[in-house]
>>> print(open('upload38.txt').read())   # compact mmCIF, C-alpha atoms and all ligand atoms
# COMPACT_ATOMS: atom_id res chain seq x y z
CA MET A 3 13.90 -18.71 -1.24
CA SER A 4 10.95 -20.29 -3.00
CA ALA A 5 9.69 -19.47 -6.45
CA SER A 6 6.64 -17.85 -4.89
CA THR A 7 8.76 -14.98 -3.62
CA HIS A 8 9.18 -13.91 -7.23
CA SER A 9 5.66 -14.58 -8.41
CA GLN A 10 4.88 -11.00 -9.39
CA ALA A 11 5.27 -9.84 -12.96
CA SER A 12 8.14 -7.48 -13.56
CA PRO A 13 6.94 -4.02 -12.57
CA ALA A 14 7.04 -1.32 -15.19
CA ALA A 15 9.25 0.81 -12.94
CA ARG A 16 12.06 -1.72 -12.73
CA GLY A 17 15.18 -0.54 -14.50
CA LYS A 18 13.83 2.93 -15.26
CA CYS A 19 15.55 6.15 -14.32
CA GLU A 20 12.73 8.16 -12.83
CA ALA A 21 11.80 10.21 -9.78
CA ILE A 22 9.95 8.23 -7.12
CA ASP A 23 7.91 10.09 -4.53
CA LEU A 24 8.31 8.25 -1.24
CA LEU A 25 5.30 9.64 0.62
CA GLY A 26 3.25 9.42 -2.56
CA LYS A 27 4.00 5.70 -2.73
CA VAL A 28 3.11 5.26 0.96
CA SER A 29 -0.27 6.89 0.30
CA LEU A 30 -1.11 4.12 -2.18
CA ILE A 31 -0.87 1.40 0.48
CA ASP A 32 -3.98 0.03 2.17
CA GLY A 33 -3.49 -0.99 5.76
CA HIS A 34 -0.58 -1.07 8.12
CA TRP A 35 2.53 -3.27 8.02
CA GLN A 36 1.87 -3.94 4.33
CA GLN A 37 5.30 -3.23 2.94
CA ARG A 38 5.60 -2.71 -0.79
CA VAL A 39 8.61 -2.57 -3.09
CA ILE A 40 9.18 0.73 -4.88
CA ALA A 41 12.65 0.24 -6.39
CA GLU A 42 15.66 -2.02 -6.56
CA MET A 43 19.38 -1.38 -6.56
CA ASN A 44 21.34 -4.46 -7.59
CA ASP A 45 20.03 -7.16 -5.24
CA TYR A 46 18.59 -4.71 -2.73
CA GLN A 47 15.03 -3.50 -2.51
CA PHE A 48 13.58 -0.25 -1.28
CA LYS A 49 10.24 -0.82 0.42
CA VAL A 50 7.73 1.58 1.95
CA ALA A 51 5.16 0.85 4.64
CA LYS A 52 2.77 2.47 7.08
CA LEU A 53 3.10 1.18 10.62
CA LEU A 54 0.75 1.42 13.56
CA GLY A 55 0.97 -0.51 16.80
CA GLU A 56 3.32 -3.26 17.78
CA PHE A 57 5.10 -5.70 15.51
CA VAL A 58 6.44 -9.14 16.53
CA TRP A 59 9.89 -10.00 17.84
CA HIS A 60 11.99 -11.46 15.06
CA GLN A 61 15.47 -11.48 13.59
CA HIS A 62 17.05 -11.86 10.19
CA SER A 63 19.93 -14.29 10.45
CA ASP A 64 21.38 -13.51 7.02
CA THR A 65 21.09 -9.76 6.64
CA ASP A 66 21.12 -6.36 8.26
CA GLU A 67 17.96 -4.26 7.85
CA THR A 68 17.79 -0.49 7.35
CA PHE A 69 14.91 1.61 8.69
CA ILE A 70 14.47 5.20 7.47
CA VAL A 71 11.57 7.11 9.03
CA LEU A 72 9.78 9.46 6.64
CA ASP A 73 7.03 10.56 9.02
CA GLY A 74 6.09 9.85 12.62
CA GLU A 75 8.09 8.34 15.43
CA LEU A 76 9.23 4.72 15.44
CA ARG A 77 10.56 2.85 18.44
CA ILE A 78 12.63 -0.24 17.81
CA ASP A 79 13.21 -2.53 20.77
CA PHE A 80 16.14 -4.87 20.39
CA ARG A 81 17.72 -7.67 22.37
CA GLY A 82 20.71 -9.93 21.99
CA SER A 83 22.97 -7.37 20.36
CA PRO A 84 26.63 -6.83 21.37
CA GLN A 85 25.45 -3.68 23.19
CA GLY A 86 22.87 -5.69 25.10
CA ASP A 87 19.14 -5.06 25.14
CA GLY A 88 17.51 -1.69 24.62
CA SER A 89 15.47 0.50 22.35
CA ILE A 90 15.96 3.42 20.01
CA VAL A 91 13.53 6.05 18.79
CA LEU A 92 13.66 7.27 15.21
CA ARG A 93 11.91 10.43 14.10
CA ALA A 94 11.28 11.72 10.57
CA GLY A 95 14.61 12.11 8.82
CA GLN A 96 16.37 9.58 11.03
CA MET A 97 17.52 6.06 10.24
CA ALA A 98 19.07 3.01 11.83
CA VAL A 99 20.60 -0.25 10.71
CA VAL A 100 19.58 -3.32 12.70
CA PRO A 101 22.46 -5.81 12.40
CA LYS A 102 21.77 -9.34 11.29
CA GLY A 103 21.00 -11.73 14.11
CA VAL A 104 19.76 -9.01 16.47
CA GLU A 105 16.19 -9.59 17.59
CA HIS A 106 14.04 -6.52 17.07
CA LYS A 107 10.45 -5.35 17.43
CA PRO A 108 9.26 -2.15 15.77
CA TRP A 109 6.59 -0.23 17.64
CA ALA A 110 4.59 2.75 16.37
CA GLN A 111 2.44 4.51 18.95
CA GLY A 112 1.12 6.80 16.21
CA GLU A 113 1.24 6.13 12.49
CA VAL A 114 4.74 5.92 11.02
CA LYS A 115 5.67 6.14 7.36
CA LEU A 116 8.80 4.16 6.69
CA LEU A 117 11.37 3.35 4.02
CA LEU A 118 13.12 -0.02 4.38
CA ILE A 119 16.24 -1.16 2.56
CA GLU A 120 17.08 -4.85 2.52
CA PRO A 121 18.09 -7.59 0.11
CA ARG A 122 15.49 -9.02 -2.23
CA GLY A 123 13.73 -11.99 -0.62
CA VAL A 124 13.80 -10.87 3.02
CA VAL A 125 10.58 -11.77 4.84
CA ASN A 126 9.28 -9.03 7.13
CA THR A 127 8.68 -11.36 10.06
CA GLY A 128 12.17 -12.86 9.72
CA ASP A 129 12.59 -16.14 11.56
CA GLY A 130 9.36 -15.63 13.52
CA ALA A 131 6.24 -17.66 12.96
CA THR A 132 4.19 -16.82 9.90
CA SER A 133 1.24 -14.70 11.00
CA GLU A 134 -1.28 -12.19 9.72
CA ARG A 135 1.61 -9.72 9.84
CA THR A 136 3.66 -11.71 7.35
CA VAL A 137 3.63 -10.06 3.93
CA ALA A 138 4.32 -11.84 0.66
CA ASN A 139 7.53 -10.69 -0.94
CA ASP A 140 8.09 -8.69 -4.08
CA GLN A 141 4.80 -6.83 -4.17
CA TRP A 142 5.43 -3.59 -6.04
CA ILE A 143 3.46 -0.42 -5.77
NI NI B 201 13.04 -7.03 10.74
>>> encode(input="upload38.txt", output="structure tokens")
Amino acid sequence: MSASTHSQASPAARGKCEAIDLLGKVSLIDGHWQQRVIAEMNDYQFKVAKLLGEFVWHQHSDTDETFIVLDGELRIDFRGSPQGDGSIVLRAGQMAVVPKGVEHKPWAQGEVKLLLIEPRGVVNTGDGATSERTVANDQWI
């Protein structure tokens, strides 16, 4: 983890006990796949994003990744898991945990609003090549 992953100033919300509106936070984001941090719990971060279209295949070798769909319908293709290859579909109110080391590719045919939970410092494109889809870490909204 480089110093640049923690380049943002401490957000005012950090460490405060306050209500956070998930969809309200999503509405502040410009563009798709631009995940933003909205809260932390110990070393874990809660991030929201709007998704549309196809992401890239990637994996996170050091951590599981939790997807909670707030709105829309998200398909996650996966390969290389103990259960083999496949895909799942998550609708609003549903969640899944992608285990570490399992390659996955989120896909949103229509717009999806999403809450992600993962450790601080996780890069959205995992071990994949850095691309226009790669988002700098620790950007709060
Ligand atoms: Ni991932």
>>> residues_near_ligand(input="upload38.txt", ligand="ligand NI 201 (chain B)", cutoff="8 Å", atoms="all atoms listed in the file", output="ChimeraX atom specification")
/A:60-62,67,100,105-108,125-128
>>> residues_near_point(input="upload38.txt", point="(10.5, -0.7, -7.7)", cutoff="12 Å", atoms="all atoms listed in the file", output="JSON, numbers by chain")
{"A": [10, 11, 12, 13, 14, 15, 16, 17, 18, 19, 20, 21, 22, 23, 24, 27, 38, 39, 40, 41, 42, 43, 44, 45, 46, 47, 48, 49, 50, 119, 122, 140, 141, 142, 143]}
>>> atom_distance(input="upload38.txt", atom1="atom CA of Gly26 of chain A", atom2="atom CA of Lys115 of chain A")
10.7 Å
>>> closest_residue(input="upload38.txt", among="A:Asn139, A:Ser83, A:Ser89, A:Gln37", to="Leu117 of chain A", atoms="only C-alpha atoms")
A:Gln37
>>> atom_distance(input="upload38.txt", atom1="atom CA of Ile70 of chain A", atom2="atom CA of Pro101 of chain A")
14.5 Å
>>> atom_distance(input="upload38.txt", atom1="atom CA of Pro121 of chain A", atom2="atom CA of Leu72 of chain A")
20.1 Å
>>> residues_around(input="upload38.txt", residues="Asp73 of chain A", least_positions_apart="2", cutoff="10 Å", atoms="all atoms listed in the file", output="ChimeraX atom specification")
/A:25,52,70-71,75-76,92-96,113-117
>>> build_atoms(input="upload38.txt", residues="segment 118-139 of chain A", atoms="N, CA and C atoms", output="CSV table (one decimal), keeping the file's coordinate frame")
chain,number,residue,atom,x,y,z
A,118,LEU,N,12.3,1.1,4.0
A,118,LEU,CA,13.1,0.0,4.4
A,118,LEU,C,14.1,-0.3,3.2
A,119,ILE,N,15.3,-0.7,3.6
A,119,ILE,CA,16.2,-1.2,2.6
A,119,ILE,C,16.8,-2.5,3.0
A,120,GLU,N,16.6,-3.5,2.2
A,120,GLU,CA,17.1,-4.8,2.5
A,120,GLU,C,17.2,-5.7,1.2
A,121,PRO,N,17.9,-6.8,1.3
A,121,PRO,CA,18.1,-7.6,0.1
A,121,PRO,C,16.8,-8.2,-0.4
A,122,ARG,N,16.7,-8.4,-1.6
A,122,ARG,CA,15.5,-9.0,-2.2
A,122,ARG,C,15.3,-10.4,-1.5
A,123,GLY,N,14.0,-10.7,-1.2
A,123,GLY,CA,13.7,-12.0,-0.6
A,123,GLY,C,13.6,-12.0,0.9
A,124,VAL,N,13.9,-10.9,1.6
A,124,VAL,CA,13.8,-10.9,3.0
A,124,VAL,C,12.3,-10.9,3.4
A,125,VAL,N,12.0,-11.7,4.3
A,125,VAL,CA,10.6,-11.8,4.8
A,125,VAL,C,10.5,-10.8,6.0
A,126,ASN,N,9.4,-10.1,6.1
A,126,ASN,CA,9.3,-9.0,7.1
A,126,ASN,C,9.3,-9.6,8.5
A,127,THR,N,8.7,-10.8,8.7
A,127,THR,CA,8.7,-11.4,10.1
A,127,THR,C,9.9,-12.2,10.4
A,128,GLY,N,10.9,-12.2,9.5
A,128,GLY,CA,12.2,-12.9,9.7
A,128,GLY,C,12.0,-14.3,10.0
A,129,ASP,N,12.6,-14.7,11.2
A,129,ASP,CA,12.6,-16.1,11.6
A,129,ASP,C,11.4,-16.4,12.4
A,130,GLY,N,10.5,-15.4,12.7
A,130,GLY,CA,9.4,-15.6,13.5
A,130,GLY,C,8.3,-16.5,12.8
A,131,ALA,N,7.3,-16.9,13.5
A,131,ALA,CA,6.2,-17.7,13.0
A,131,ALA,C,5.5,-16.8,11.9
A,132,THR,N,5.0,-17.5,10.9
A,132,THR,CA,4.2,-16.8,9.9
A,132,THR,C,2.9,-16.4,10.6
A,133,SER,N,2.5,-15.2,10.4
A,133,SER,CA,1.2,-14.7,11.0
A,133,SER,C,0.5,-13.8,10.1
A,134,GLU,N,-0.5,-13.1,10.6
A,134,GLU,CA,-1.3,-12.2,9.7
A,134,GLU,C,-0.4,-11.0,9.4
A,135,ARG,N,0.7,-10.8,10.1
A,135,ARG,CA,1.6,-9.7,9.8
A,135,ARG,C,2.6,-10.1,8.7
A,136,THR,N,2.7,-11.3,8.4
A,136,THR,CA,3.7,-11.7,7.4
A,136,THR,C,3.2,-11.3,6.0
A,137,VAL,N,4.0,-10.6,5.2
A,137,VAL,CA,3.6,-10.1,3.9
A,137,VAL,C,4.4,-10.8,2.8
A,138,ALA,N,3.7,-11.2,1.8
A,138,ALA,CA,4.3,-11.8,0.7
A,138,ALA,C,5.4,-10.9,0.1
A,139,ASN,N,6.4,-11.5,-0.4
A,139,ASN,CA,7.5,-10.7,-0.9
A,139,ASN,C,7.2,-10.2,-2.3
